[in-house]
$ cat structure-v6.cif   # mmCIF, C-alpha atoms
data_structure
loop_
_atom_site.label_atom_id
_atom_site.label_comp_id
_atom_site.auth_asym_id
_atom_site.auth_seq_id
_atom_site.Cartn_x
_atom_site.Cartn_y
_atom_site.Cartn_z
CA LYS J 1 -87.83 -57.25 47.50
CA ILE J 2 -85.74 -60.41 47.28
CA ASP J 3 -84.78 -62.85 44.53
CA ASP J 4 -83.83 -65.73 46.85
CA LEU J 5 -86.65 -67.34 48.82
CA SER J 6 -84.17 -69.05 51.13
CA LEU J 7 -83.48 -65.65 52.67
CA SER J 8 -87.11 -64.76 53.38
CA GLU J 9 -87.32 -66.17 56.91
CA GLN J 10 -84.00 -64.66 57.97
CA LEU J 11 -84.93 -61.29 56.51
CA TYR J 12 -88.36 -61.39 58.16
CA CYS J 13 -86.86 -61.97 61.60
CA CYS J 14 -84.38 -59.11 61.16
CA VAL J 15 -86.89 -56.54 59.93
CA LYS J 16 -89.51 -57.51 62.49
CA LYS J 17 -87.17 -56.40 65.27
CA LEU J 18 -87.33 -52.84 63.95
CA GLY J 19 -90.99 -52.59 64.93
CA CYS J 20 -92.08 -50.92 61.68
CA ASN J 21 -94.57 -51.82 58.97
CA PHE J 22 -93.03 -53.77 56.11
CA SER J 23 -93.73 -56.15 53.24
CA ILE J 24 -91.45 -58.67 51.58
CA TYR J 25 -91.80 -59.30 47.85
CA TYR J 26 -90.24 -62.08 45.82
CA ASP J 27 -89.26 -61.86 42.17
CA SER J 28 -87.23 -64.18 39.96
CA MET J 29 -85.08 -61.32 38.65
CA THR J 30 -81.46 -61.55 39.72
CA GLY J 31 -78.44 -59.36 40.00
CA TYR J 32 -77.46 -55.73 39.87
CA GLU J 33 -78.42 -55.45 36.21
CA ASN J 34 -82.09 -55.70 37.24
CA SER J 35 -81.90 -53.29 40.16
CA HIS J 36 -83.98 -50.61 38.43
CA HIS J 37 -86.83 -53.11 37.99
CA TYR J 38 -86.76 -53.77 41.72
CA PHE J 39 -86.79 -50.07 42.53
CA ASN J 40 -89.65 -49.36 40.13
CA ALA J 41 -91.78 -52.16 41.53
CA LEU J 42 -91.12 -51.20 45.13
CA SER J 43 -91.75 -47.50 44.50
CA LYS J 44 -95.28 -48.36 43.40
CA GLN J 45 -95.87 -50.38 46.58
CA ALA J 46 -94.40 -47.78 48.94
CA HIS J 47 -96.76 -45.54 50.90
CA GLY J 48 -94.21 -43.17 52.43
CA ASN J 49 -93.36 -39.65 51.30
CA LEU J 50 -89.64 -40.38 50.81
CA LEU J 51 -88.01 -43.41 49.21
CA PHE J 52 -84.45 -44.24 50.26
CA LEU J 53 -82.52 -46.31 47.70
CA SER J 54 -80.52 -48.75 49.77
CA SER J 55 -78.89 -52.17 49.53
CA ASP J 56 -77.85 -55.03 51.77
CA ASP J 57 -74.22 -53.85 51.95
CA MET J 58 -75.03 -50.50 53.60
CA VAL J 59 -74.81 -49.44 57.25
CA VAL J 60 -76.60 -46.19 58.10
CA LYS J 61 -75.89 -44.47 61.41
CA GLY J 62 -76.95 -41.27 63.11
CA ASP J 63 -79.98 -39.01 62.77
CA TRP J 64 -80.55 -39.80 59.10
CA PHE J 65 -84.33 -40.23 59.42
CA ASN J 66 -84.96 -36.75 60.80
CA VAL J 67 -82.46 -35.23 58.37
CA PHE J 68 -84.43 -36.60 55.44
CA VAL J 69 -87.87 -35.77 56.86
CA GLU J 70 -86.81 -32.16 57.50
CA THR J 71 -86.49 -31.66 53.74
CA ARG J 72 -90.24 -31.98 53.30
CA ASN J 73 -91.95 -28.78 52.11
CA LYS J 74 -88.64 -27.23 51.10
CA PHE J 75 -90.50 -27.01 47.80
CA LYS J 76 -94.25 -26.47 47.76
CA ASP J 77 -94.75 -29.40 45.37
CA ASN J 78 -92.25 -31.69 47.19
CA ILE J 79 -90.67 -32.81 43.93
CA TYR J 80 -86.97 -33.34 44.62
CA VAL J 81 -84.09 -35.76 45.17
CA ILE J 82 -81.76 -35.75 48.20
CA ASN J 83 -78.03 -36.20 47.77
CA THR J 84 -77.02 -38.27 50.80
CA ARG J 85 -73.26 -37.90 50.34
CA SER J 86 -70.98 -34.91 50.75
CA ASP J 87 -68.55 -36.05 48.04
CA HIS J 88 -69.00 -36.42 44.27
CA TRP J 89 -70.51 -39.91 44.46
CA THR J 90 -74.25 -40.32 43.86
CA LEU J 91 -74.97 -43.52 45.76
CA TYR J 92 -78.15 -44.04 47.84
CA PRO J 93 -80.24 -41.01 46.86
CA VAL J 94 -83.60 -40.28 48.48
CA VAL J 95 -86.45 -39.44 46.11
CA SER J 96 -89.86 -38.02 46.99
CA LYS J 97 -93.04 -39.92 46.28
CA GLU J 98 -94.38 -36.87 44.45
CA TRP J 99 -91.47 -37.14 42.01
CA ILE J 100 -92.39 -40.73 41.22
CA ASN J 101 -96.09 -39.92 40.92
CA VAL J 102 -95.31 -37.41 38.16
CA LEU J 103 -92.95 -39.62 36.15
CA GLY J 104 -94.73 -42.90 36.84
CA TYR J 105 -91.47 -44.72 37.65
CA LEU J 106 -88.28 -44.31 39.64
CA SER J 107 -85.69 -45.13 36.99
CA PRO J 108 -85.89 -46.27 33.35
CA GLY J 109 -82.61 -48.19 33.40
CA LEU J 110 -79.51 -49.37 35.19
CA GLY J 111 -77.71 -46.77 37.28
CA SER J 112 -80.74 -45.33 39.08
CA ASP J 113 -78.59 -43.17 41.36
CA THR J 114 -76.74 -41.47 38.49
CA TRP J 115 -79.93 -40.98 36.51
CA LEU J 116 -81.80 -39.40 39.43
CA ARG J 117 -78.89 -37.06 40.10
CA ASP J 118 -78.75 -35.96 36.46
CA VAL J 119 -82.48 -35.32 36.14
CA ALA J 120 -82.75 -33.51 39.48
CA SER J 121 -79.72 -31.36 38.67
CA ILE J 122 -81.23 -30.26 35.36
CA ILE J 123 -84.35 -28.89 37.08
CA ASP J 124 -82.42 -27.66 40.15
CA ARG J 125 -84.10 -30.10 42.54
CA TYR J 126 -81.02 -32.04 43.74
CA ILE J 127 -80.60 -30.89 47.33
CA SER J 128 -77.94 -31.31 49.99
CA VAL J 129 -78.46 -31.96 53.70
CA ASP J 130 -76.47 -31.77 56.94
CA TYR J 131 -74.02 -34.65 56.44
CA ARG J 132 -72.58 -34.18 59.93
CA ARG J 133 -75.70 -35.70 61.48
CA PHE J 134 -75.47 -39.13 59.88
CA SER J 135 -73.12 -41.49 58.06
CA ILE J 136 -73.45 -44.21 55.43
CA ASP J 137 -70.88 -46.98 55.17
CA HIS J 138 -70.85 -49.07 52.03
CA GLU J 139 -68.62 -52.11 51.53
CA HIS J 140 -69.58 -54.93 49.23
CA PRO J 141 -68.88 -58.35 50.83
CA LEU J 142 -67.16 -59.56 47.66
CA ILE J 143 -64.45 -56.96 48.12
CA ALA J 144 -63.42 -58.65 51.37
CA LYS J 145 -62.79 -61.86 49.42
CA GLY J 146 -59.85 -60.43 47.52
CA ILE J 147 -61.50 -59.61 44.20
CA ALA J 148 -61.63 -55.84 44.64
CA LYS J 149 -59.64 -55.22 41.44
CA ARG J 150 -62.08 -57.20 39.30
CA ILE J 151 -65.05 -55.51 40.94
CA ARG J 152 -63.61 -52.08 40.15
CA LYS J 153 -63.11 -53.02 36.49
CA VAL J 154 -66.69 -54.27 36.15
CA ARG J 155 -68.10 -51.19 37.87
CA LYS J 156 -66.01 -48.89 35.68
CA ARG J 157 -67.37 -50.53 32.53
CA LEU J 158 -70.95 -50.42 33.81
CA ARG J 159 -70.61 -46.83 34.97
CA LYS J 160 -69.36 -45.72 31.55
CA GLY J 161 -72.41 -47.24 29.86
CA MET J 162 -74.79 -45.86 32.48
CA THR J 163 -73.37 -42.36 32.16
CA ALA J 164 -73.93 -42.39 28.39
CA TYR J 165 -77.44 -43.73 28.85
CA SER J 166 -78.28 -41.11 31.47
CA TYR J 167 -76.93 -38.37 29.23
CA LYS J 168 -79.44 -39.36 26.55
CA THR J 169 -82.53 -39.96 28.67
CA ALA J 170 -82.22 -37.60 31.63
CA PRO J 171 -83.21 -34.48 29.65
CA LEU J 172 -86.43 -36.18 28.53
CA ALA J 173 -87.51 -36.90 32.09
CA ALA J 174 -86.41 -33.42 33.15
CA ASN J 175 -88.69 -31.94 30.50
CA ILE J 176 -91.63 -33.87 31.95
CA LEU J 177 -90.93 -32.61 35.47
CA ARG J 178 -90.21 -29.07 34.30
CA GLU J 179 -93.46 -28.98 32.36
CA HIS J 180 -95.31 -30.31 35.38
CA LEU J 181 -93.86 -27.59 37.59
CA ARG J 182 -94.71 -24.89 35.06
CA LEU J 183 -98.27 -26.05 34.65
CA ALA J 184 -98.74 -26.40 38.40
CA ASN J 185 -97.47 -22.88 39.02
CA GLU J 186 -99.72 -21.41 36.35
CA GLN J 187 -102.69 -23.52 37.53
CA VAL J 188 -103.63 -24.53 34.03
CA ASP J 189 -107.00 -26.31 33.98
CA GLU J 190 -105.95 -28.98 31.52
CA ALA J 191 -102.56 -29.61 33.12
CA SER J 192 -103.12 -33.27 33.98
CA ARG J 193 -104.29 -34.27 30.50
CA HIS J 194 -101.55 -32.28 28.77
CA LEU J 195 -98.84 -33.67 31.05
CA ARG J 196 -99.99 -37.26 30.61
CA THR J 197 -99.87 -36.90 26.82
CA ARG J 198 -96.33 -35.48 26.94
CA TYR J 199 -95.27 -38.14 29.41
CA GLU J 200 -96.51 -40.99 27.23
CA ASP J 201 -94.77 -39.54 24.17
CA LEU J 202 -91.48 -39.06 25.98
CA ARG J 203 -91.67 -42.47 27.64
CA GLU J 204 -92.06 -44.11 24.24
CA ARG J 205 -88.94 -42.27 23.06
CA VAL J 206 -87.01 -43.52 26.09
CA MET J 207 -88.13 -47.09 25.50
CA ARG J 208 -87.08 -46.89 21.84
CA MET J 209 -83.67 -45.57 22.89
CA ARG J 210 -83.25 -48.41 25.37
CA LYS J 211 -84.19 -50.97 22.75
CA ALA J 212 -81.77 -49.48 20.23
CA ALA J 213 -78.98 -49.37 22.82
CA SER J 214 -79.41 -53.06 23.65
#
$ encode --input "structure-v6.cif" --output "structure tokens"
Amino acid sequence: KIDDLSLSEQLYCCVKKLGCNFSIYYDSMTGYENSHHYFNALSKQAHGNLLFLSSDDMVVKGDWFNVFVETRNKFKDNIYVINTRSDHWTLYPVVSKEWINVLGYLSPGLGSDTWLRDVASIIDRYISVDYRRFSIDHEHPLIAKGIAKRIRKVRKRLRKGMTAYSYKTAPLAANILREHLRLANEQVDEASRHLRTRYEDLRERVMRMRKAAS
């Protein structure tokens, strides 16, 4: 998903070399502040079982694909998030399609990686993998232009706001997922209808919190 049509041809040529199925979507949204809208839109278009949150300043090496695929069926319902880093950072998580199907979206706001970590941790579905088999390098091109100090200040301010937002909304989403897991395990006949009602109620609460925060 791109917000600059001038890049479409260049991007097409690069991705085509990979020999995989792909689609390119254009939207007028711009900047990091709209990243969750991109992720939500793309998660609805995606057909795969696992969605890897990535960006154009990442380089992934090693056996990452098989590492991620091997996590399938770790849980019978396949509702989980993969932590792709061995340190405390939460960048580039992988989320299952089943997770998104239950919630109806990938992230309700800015800081999708932090939010996914918080929700998955609450319901004990934030899993680790063998980090020795792959690596992820992440260096924003702006940092190379000598403005690293300003970038760090901006990110620190954004991260503080995102952490507070996640603290308020993550438990709501966790309740939806937890209720879904409980109902699925008990095989309740009216699970789908009951879950949808709870989901709509909780989603409205999240939206009201976002509006009040802005």
$ resolve_selection --input "structure-v6.cif" --expression "the PyMOL selection byres ((chain J and resi 67) around 10)" --output "list in words"
Gly62, Asp63, Trp64, Phe65, Asn66, Phe68, Val69, Glu70, Thr71, Arg72, Thr84, Val129, Asp130, Tyr131, Arg133 and Phe134 of chain J
$ residues_around --input "structure-v6.cif" --residues "stretch 101-117 of chain J" --least-positions-apart "2" --cutoff "7 Å" --atoms "only C-alpha atoms" --output "ChimeraX atom specification"
/J:33,35-36,39-40,43,90-93,97-99,119-121,126,162,166,170
$ resolve_selection --input "structure-v6.cif" --expression "the PyMOL selection byres ((chain J and resi 54) around 10)" --output "list in words"
Phe39, Leu51, Phe52, Leu53, Ser55, Asp56, Asp57, Met58, Val59, Val60, Leu91, Tyr92, Pro93, Val94 and His138 of chain J
$ atom_distance --input "structure-v6.cif" --atom1 "atom CA of J:Lys74" --atom2 "atom CA of J:Gly19"
29.0 Å
$ closest_residue --input "structure-v6.cif" --among "J:Ser128, J:Asn21, J:Asn49, J:Thr169" --to "J:Ser86" --atoms "all atoms listed in the file"
J:Ser128
$ atom_distance --input "structure-v6.cif" --atom1 "atom CA of J:Thr197" --atom2 "atom CA of J:Leu172"
13.6 Å
$ closest_residue --input "structure-v6.cif" --among "J:Lys16, J:Arg85, J:Tyr38, J:Tyr80" --to "J:Arg132" --atoms "only C-alpha atoms"
J:Arg85
$ atom_distance --input "structure-v6.cif" --atom1 "atom CA of J:Ala173" --atom2 "atom CA of J:Arg205"
10.6 Å
